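Q: To start, I am sharing the structure in question, which I have written as structure tokens.
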Amino acid sequence: VFANVARAPEDPILGVTVAYNKDPSPVKLNLGVGAYRTEEGKPLVLNVVRKAEQLLVNDRSRVKEYLPIVGVADFNKLSANLILGADSPAIQGNLVTTVQCLSGTGSLRVGAEFLARHYYERTIYIPNPTWGNHTKVFTLAGLTVKTYRYYDPVTRGLNIQGLLEDLGSAPTGAIVLLHACAHNPTGVDPTLQQWEQIRQMIRSKSLLPFFDSAYQGFASGSLDGDAQSVRMFVGDGSECFIAQSYAKNMGLYGERVGALSIVCRTADVASRVESQLKLVIRPMYSNPPIHGASIVATILKDRNLYHEWTLELKAMADRIITMRKHLFDALCARGTPGDWSHIIKQIGMFTFTGLNRKQVTFMTKEYHIYMTSDGRISMAGLSSRTVPHLADAIHAAITT
Ligand code: LMR
């Protein structure tokens with residue numbers, strides 16, 4: 001009965017890893033998925049995560065019962081504090097409802113399902129370009145996806161004019177997806193002044209901001225610094241959605257830990273919204289898993305562990321920045337034609353190289369370097385040892 005099922009293509013990001021795994025070359029390099037690697041090219045489990053896990057294992061009072069539909073209560077509270085700041089008036093006034101979800105994607109999906117059921121405007125504007133999964137998440141939840149201009153390939157910077165024009169002509173109430181920091185894939189973020197312009201446009205048109213915060217701590221190395229855009233919006237007292245992921249900043253990729261926070265106008269609305277979120281979650285996956293959220297809660301509520309986490313996070317962010325510099329220097333040393341300064345200007349895990357699909361295919365075929373076809377490379381996957389190989393490949397792709 002399934003004889004006519006067509007083979008689906010691999011995922012544009014996760015499929016890169018599938019192709020990489022099949023390649024027997026000893027020099028192969030996976031710069032596709034945004035996953036942090038050490039200088040030795042190995043995945044990293046943070047020390048502070050190991051410590052938290054040990055504490056959890058030693059606690060014999062812990063059981064494996066079902067969690068409530070909304071997840072670990074401490075985790076939810078601490079996650080809202082982390083992104084909004086513990087002293088946020090929205091938190092003090094109980095205006096925020098937070099539910100534990102399956103990392104960033106799950107948080108976006110639960111938020112989108114809620115909006116499709118309870119919000120009057122079904123159109124969501126996402127930046128062009130954006131993380132490849134956004135379109136699918138929102139479309140499958142029943143929203144209509146449109147794009148707003150974001151990246152200018154000529155300046156390799158933000159097209160603030162185009163962005164404001166597009167949001168200005170969006171229908172009243174439309175949802176707007178914003179990357180809280182470290183925009184994926186471009187690495188181009190608005191300045192604080194530009195964020196303020198965006199906020200004013202969004203509020204004046206009664207648009208609904210939906211933040212995707214997948215890199216808090218990775219852009220500037222500072223957890224508070226990377227939350228400024230979100231706090232600016234929440235500070236004005238209007239509604240806001242925030243999807244948080246702990247995949248990158250705690251290295252908890254496979255644990256699937258995230259949170260959806262919805263900031264409402266009154267505490268009563270927030271609690272009614274939460275009651276409806278439970279109806280969204282229960283038939284999807286019933287309730288979330290315990291382990292990852294318990295690790296996060298253990299770290300966030302212990303002053304020493306929290307401090308240790310900030311140091312490890314900063315070390316990851318700094319290593320990525322160093323890789324940017326090394327790659328830039330390596331291309332300059334080779335005299336690779338073009339201006340490569342965007343490599344050091346862009347922010348977060350990725351460099352949007354400007355390489356086209358043909359050049360990417362060339363680099364994969366000739367140099368066994370794996371990356372997404374839009375020319376995005378994960379700087380977190382590079383090391384001092386592999387920079388020369390990448391620089392050789394880019395040089396050859398540009399000059400061949
Ligand atoms: C990425 O963009 O590489 C990451 O966010 C991982 C993913 O799930 O796509």
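How things are named: the first chain in the structure tokens is A, the next is B, and so on; residues count from 1 in each chain; ligands count from 1 in the order shown.
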How would you write, as a PDB file with N, CA and C atoms, in the first residue's frame, the set of residues no farther than 6 Å from ligand 1 when counting only C-alpha atoms and all ligand atoms?
A:
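So out.pdb came out as:
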ATOM      1  N   ILE A  13      19.902  20.864   6.356  1.00  0.00           N
ATOM      2  CA  ILE A  13      20.988  21.039   7.338  1.00  0.00           C
ATOM      3  C   ILE A  13      21.432  19.674   7.889  1.00  0.00           C
ATOM      4  N   VAL A  33      25.937  21.428  10.225  1.00  0.00           N
ATOM      5  CA  VAL A  33      25.085  21.696  11.381  1.00  0.00           C
ATOM      6  C   VAL A  33      25.810  22.579  12.408  1.00  0.00           C
ATOM      7  N   GLY A  34      25.055  23.443  13.065  1.00  0.00           N
ATOM      8  CA  GLY A  34      25.624  24.304  14.096  1.00  0.00           C
ATOM      9  C   GLY A  34      25.799  23.540  15.387  1.00  0.00           C
ATOM     10  N   TRP A 131      16.679  30.502   9.263  1.00  0.00           N
ATOM     11  CA  TRP A 131      16.937  29.078   9.511  1.00  0.00           C
ATOM     12  C   TRP A 131      15.919  28.261   8.707  1.00  0.00           C
TER      13      TRP A 131
END
Q: So that I can check the surroundings of Gly348 of chain A, please list as a VMD selection string every protein, DNA and RNA residue that reaches within 6 Å of it, counting only C-alpha atoms and ignoring chain neighbours fewer than 4 positions away.
A: chain A and resid 182 187 218 to 219
Q: Can you pull out every residue within 12 Å of Thr139 of chain A, counting only C-alpha atoms, but drop anything in the same chain fewer than 2 positions away, and send it as a list in words?
A: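 Close residues of Thr139 of chain A: Leu108, Arg109, Ala112, Glu113, Leu115, Ala116, Arg122, Thr123, Ile124, Tyr125, Ile126, Asn133, His134, Thr135, Lys136, Val137, Ala141, Gly142, Leu143, Thr144, Val145 and Lys146 of chain A.
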Q: Can you list, as a short mmCIF file (atom, residue, chain, number, x, y, z; two decimals) with C-alpha atoms, in the first residue's frame, every protein, DNA or RNA residue that comes within 12 Å of Cys332 of chain A when you count only C-alpha atoms, leaving out same-chain residues fewer than 3 positions away?
A:
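Dumped to around-v3.cif:
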data_model
loop_
_atom_site.label_atom_id
_atom_site.label_comp_id
_atom_site.auth_asym_id
_atom_site.auth_seq_id
_atom_site.Cartn_x
_atom_site.Cartn_y
_atom_site.Cartn_z
CA LYS A 325 40.15 35.71 12.88
CA HIS A 326 42.21 32.70 11.82
CA LEU A 327 40.08 32.10 8.73
CA PHE A 328 40.15 35.76 7.78
CA ASP A 329 43.96 35.86 8.18
CA GLY A 335 45.45 36.65 -1.45
CA THR A 336 42.00 35.20 -2.04
CA PRO A 337 40.15 37.70 -4.23
CA GLY A 338 37.32 39.63 -2.56
CA ASP A 339 36.62 41.35 0.74
CA TRP A 340 36.42 38.76 3.53
CA SER A 341 36.01 41.16 6.43
CA ILE A 343 33.99 36.76 8.47
CA PRO A 388 44.20 26.05 6.41
CA ALA A 391 41.05 28.46 3.40
CA ASP A 392 42.65 26.40 0.60
CA ILE A 394 37.64 28.64 -0.44
CA HIS A 395 40.61 30.02 -2.36
#
Q: Identify which of the residues A:Ile242, A:Ala397, A:Leu67, A:Ala80 lies closest to Lys358 of chain A, counting only C-alpha atoms when measuring atom-to-atom distances.
A: A:Ala397
Q: Need the shell around segment 203-208 of chain A: protein/DNA/RNA residues with any atom at most 6 Å away, counting only C-alpha atoms. Skip same-chain ones fewer than 3 positions apart. Format as an mmCIF file with C-alpha atoms, in the first residue's frame?
A:
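As a result, part_3.cif now contains:
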data_model
loop_
_atom_site.group_PDB
_atom_site.id
_atom_site.type_symbol
_atom_site.label_atom_id
_atom_site.label_comp_id
_atom_site.auth_asym_id
_atom_site.auth_seq_id
_atom_site.Cartn_x
_atom_site.Cartn_y
_atom_site.Cartn_z
ATOM 1 C CA THR A 172 -2.106 44.804 11.344
ATOM 2 C CA GLY A 173 -1.475 42.104 13.916
ATOM 3 C CA ALA A 174 0.796 39.959 11.738
ATOM 4 C CA ILE A 175 3.291 37.824 13.655
ATOM 5 C CA VAL A 176 6.974 38.682 13.162
ATOM 6 C CA GLN A 200 8.726 50.988 17.238
#
Q: Set the distance at 10 Å and use only C-alpha atoms: which residues neighbour Thr298 of chain A once local chain neighbours fewer than 3 positions away are removed? I'd like the list as a PyMOL selection string.
A: chain A and resi 48-49+51-53+55-56+74-75+78+292-295+301-303+305-306
Q: Keeping N, CA and C atoms, export the residues of the selection given above as a short mmCIF file (atom, residue, chain, number, x, y, z; two decimals), in the first residue's frame.
A:
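Saved file part-v1.cif follows:
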data_model
loop_
_atom_site.label_atom_id
_atom_site.label_comp_id
_atom_site.auth_asym_id
_atom_site.auth_seq_id
_atom_site.Cartn_x
_atom_site.Cartn_y
_atom_site.Cartn_z
N VAL A 48 30.31 21.68 33.63
CA VAL A 48 29.23 22.04 34.55
C VAL A 48 28.02 21.12 34.31
N VAL A 49 27.84 20.66 33.10
CA VAL A 49 26.75 19.73 32.81
C VAL A 49 27.06 18.37 33.45
N LYS A 51 28.84 17.89 36.08
CA LYS A 51 28.65 18.05 37.53
C LYS A 51 27.18 17.97 37.90
N ALA A 52 26.36 18.68 37.14
CA ALA A 52 24.92 18.69 37.42
C ALA A 52 24.36 17.27 37.28
N GLU A 53 24.81 16.55 36.26
CA GLU A 53 24.32 15.18 36.06
C GLU A 53 24.70 14.30 37.25
N LEU A 55 25.17 15.26 40.33
CA LEU A 55 24.29 15.61 41.45
C LEU A 55 22.93 14.93 41.29
N LEU A 56 22.44 14.91 40.08
CA LEU A 56 21.13 14.31 39.83
C LEU A 56 21.17 12.80 40.06
N ASP A 74 10.64 24.55 38.20
CA ASP A 74 11.85 25.37 38.44
C ASP A 74 12.50 25.79 37.14
N PHE A 75 12.57 24.83 36.24
CA PHE A 75 13.19 25.08 34.93
C PHE A 75 12.46 26.22 34.22
N LEU A 78 13.19 29.59 35.98
CA LEU A 78 14.58 30.01 35.79
C LEU A 78 14.85 30.40 34.32
N GLY A 292 17.07 16.56 30.69
CA GLY A 292 17.74 17.79 30.24
C GLY A 292 17.29 19.01 31.03
N ALA A 293 16.00 19.10 31.27
CA ALA A 293 15.49 20.27 32.01
C ALA A 293 16.00 20.26 33.45
N SER A 294 16.19 19.06 34.00
CA SER A 294 16.72 18.98 35.37
C SER A 294 18.18 19.44 35.41
N ILE A 295 18.92 19.12 34.37
CA ILE A 295 20.32 19.60 34.30
C ILE A 295 20.32 21.13 34.28
N LYS A 301 20.08 27.29 39.16
CA LYS A 301 19.71 27.71 40.53
C LYS A 301 20.88 27.67 41.52
N ASP A 302 22.03 27.18 41.07
CA ASP A 302 23.18 27.12 41.97
C ASP A 302 24.18 28.20 41.56
N ARG A 303 24.47 29.09 42.48
CA ARG A 303 25.30 30.23 42.12
C ARG A 303 26.66 29.84 41.54
N LEU A 305 27.57 26.86 40.16
CA LEU A 305 27.44 26.18 38.87
C LEU A 305 27.12 27.20 37.77
N TYR A 306 26.26 28.14 38.11
CA TYR A 306 25.89 29.17 37.14
C TYR A 306 27.14 29.94 36.68
#
Q: Taking only C-alpha atoms into account, which of A:Arg272, A:Arg319, A:His291, A:His183 comes nearest Tyr66 of chain A?
A: A:His291
Q: If you count only C-alpha atoms, which residues fall within 12 Å of Gly258 of chain A, apart from same-chain ones fewer than 5 positions away, as a PyMOL selection string?
A: chain A and resi 70-72+75-76+78-80+83+98-110+212-215+242-250+252-253+288-290+292-297
Q: Suppose you want the space between atom CA of Leu177 of chain A and atom CA of Lys314 of chain A; what is it in Å?
A: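 Distance reported for this atom pair: 26.7 Å.
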Q: Let me make sure I understand: among A:Gly111, A:Gln92, A:Val154, A:Leu46, which one has the smallest atom-to-atom distance to Leu277 of chain A if we use only C-alpha atoms?
A: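 Nearest to Leu277 of chain A: A:Gly111.
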Q: Let's see if you can do this: from backbone DSSP, list all helix (DSSP H, G or I) residues in segment 220-271 of chain A, as an mmCIF file with N, CA and C atoms, in the first residue's frame.
A:
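That gives us part00.cif:
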data_model
loop_
_atom_site.group_PDB
_atom_site.id
_atom_site.type_symbol
_atom_site.label_atom_id
_atom_site.label_comp_id
_atom_site.auth_asym_id
_atom_site.auth_seq_id
_atom_site.Cartn_x
_atom_site.Cartn_y
_atom_site.Cartn_z
ATOM 1 N N GLY A 225 23.804 40.460 27.697
ATOM 2 C CA GLY A 225 24.027 41.219 26.463
ATOM 3 C C GLY A 225 23.196 40.652 25.321
ATOM 4 N N ASP A 226 23.142 39.343 25.234
ATOM 5 C CA ASP A 226 22.441 38.710 24.108
ATOM 6 C C ASP A 226 20.928 38.678 24.296
ATOM 7 N N ALA A 227 20.461 39.128 25.448
ATOM 8 C CA ALA A 227 19.009 39.137 25.692
ATOM 9 C C ALA A 227 18.435 40.541 25.529
ATOM 10 N N GLN A 228 19.296 41.483 25.154
ATOM 11 C CA GLN A 228 18.844 42.890 25.143
ATOM 12 C C GLN A 228 17.677 43.146 24.193
ATOM 13 N N SER A 229 17.705 42.510 23.028
ATOM 14 C CA SER A 229 16.629 42.748 22.057
ATOM 15 C C SER A 229 15.297 42.310 22.661
ATOM 16 N N VAL A 230 15.285 41.123 23.242
ATOM 17 C CA VAL A 230 14.047 40.599 23.834
ATOM 18 C C VAL A 230 13.577 41.513 24.965
ATOM 19 N N ARG A 231 14.502 41.914 25.812
ATOM 20 C CA ARG A 231 14.130 42.733 26.986
ATOM 21 C C ARG A 231 13.578 44.099 26.564
ATOM 22 N N MET A 232 14.094 44.590 25.449
ATOM 23 C CA MET A 232 13.604 45.866 24.932
ATOM 24 C C MET A 232 12.108 45.753 24.593
ATOM 25 N N PHE A 233 11.730 44.659 23.977
ATOM 26 C CA PHE A 233 10.327 44.460 23.590
ATOM 27 C C PHE A 233 9.457 44.181 24.810
ATOM 28 N N VAL A 234 9.958 43.333 25.706
ATOM 29 C CA VAL A 234 9.146 42.967 26.865
ATOM 30 C C VAL A 234 8.975 44.182 27.773
ATOM 31 N N TYR A 253 22.382 19.618 23.012
ATOM 32 C CA TYR A 253 21.724 19.376 21.712
ATOM 33 C C TYR A 253 20.713 18.235 21.751
ATOM 34 N N GLY A 254 21.216 17.044 22.065
ATOM 35 C CA GLY A 254 20.376 15.847 21.968
ATOM 36 C C GLY A 254 19.413 15.681 23.131
ATOM 37 N N GLU A 255 19.563 16.487 24.173
ATOM 38 C CA GLU A 255 18.631 16.383 25.299
ATOM 39 C C GLU A 255 17.309 17.087 25.000
ATOM 40 N N ALA A 267 -1.988 39.027 34.495
ATOM 41 C CA ALA A 267 -1.686 37.711 35.068
ATOM 42 C C ALA A 267 -2.818 36.728 34.768
ATOM 43 N N ASP A 268 -4.020 37.213 34.726
ATOM 44 C CA ASP A 268 -5.151 36.336 34.457
ATOM 45 C C ASP A 268 -5.078 35.795 33.020
ATOM 46 N N VAL A 269 -4.766 36.677 32.086
ATOM 47 C CA VAL A 269 -4.628 36.209 30.691
ATOM 48 C C VAL A 269 -3.499 35.188 30.609
ATOM 49 N N ALA A 270 -2.380 35.485 31.284
ATOM 50 C CA ALA A 270 -1.231 34.558 31.229
ATOM 51 C C ALA A 270 -1.640 33.171 31.716
ATOM 52 N N SER A 271 -2.434 33.112 32.762
ATOM 53 C CA SER A 271 -2.795 31.787 33.280
ATOM 54 C C SER A 271 -3.807 31.095 32.363
#
Q: Just give me the gap between atom CA of Phe350 of chain A and atom CA of Asn184 of chain A in Å, one decimal is fine.
A: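 That distance, rounded to one decimal, is 6.9 Å.
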Q: Please determine, counting only C-alpha atoms, which residue among A:Val16, A:Leu95, A:Ala180, A:Val63 has the shortest atom-to-atom distance to Glu274 of chain A.
A: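 Closest to Glu274 of chain A, using only C-alpha atoms: A:Leu95.
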Q: Mind checking DSSP for segment 2-146 of chain A and telling me the strand (DSSP E or B) residues as an MDAnalysis selection string?
A: chainID A and resid 29:30 37 43 96:102 123:128 144:146
Q: Suppose you want the space between atom CA of Glu308 of chain A and atom CA of Val45 of chain A; what is it in Å?
A: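 For atom CA of Glu308 of chain A relative to atom CA of Val45 of chain A, the distance reads 13.4 Å.
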Q: Counting only C-alpha atoms, give me one row per residue of segment 290-374 of chain A with an atom at most 10 Å from an atom of segment 23-28 of chain A, showing the shortest contact pair and its distance in Å to one decimal, sorted by chain then residue number, as a tab-separated table.
A:
residue	atom	partner	partner_atom	distance
A:Thr364	CA	A:Lys28	CA	8.6
A:Tyr367	CA	A:Lys28	CA	7.3
A:His368	CA	A:Lys28	CA	4.6
A:Ile369	CA	A:Lys28	CA	5.7
A:Tyr370	CA	A:Lys28	CA	7.6
Q: Would you mind exporting N, CA and C atoms of the selected residues as a CSV table (one decimal), in the first residue's frame?
A:
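Written out: result-v1.csv:
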chain,number,residue,atom,x,y,z
A,364,THR,N,32.9,20.6,-1.6
A,364,THR,CA,32.6,19.3,-1.0
A,364,THR,C,33.2,18.2,-1.8
A,367,TYR,N,37.4,19.0,-1.8
A,367,TYR,CA,38.1,19.2,-0.5
A,367,TYR,C,37.4,18.4,0.7
A,368,HIS,N,36.3,17.8,0.4
A,368,HIS,CA,35.5,17.0,1.4
A,368,HIS,C,35.1,17.9,2.6
A,369,ILE,N,34.7,19.2,2.2
A,369,ILE,CA,34.2,20.1,3.2
A,369,ILE,C,32.7,20.2,3.0
A,370,TYR,N,32.0,19.9,4.1
A,370,TYR,CA,30.5,19.8,4.1
A,370,TYR,C,29.9,21.1,4.7
Q: Kindly indicate which residue among A:Gly85, A:Gly132, A:Pro153, A:Pro209 lies nearest to Asp224 of chain A, using only C-alpha atoms for the distances.
A: A:Gly85
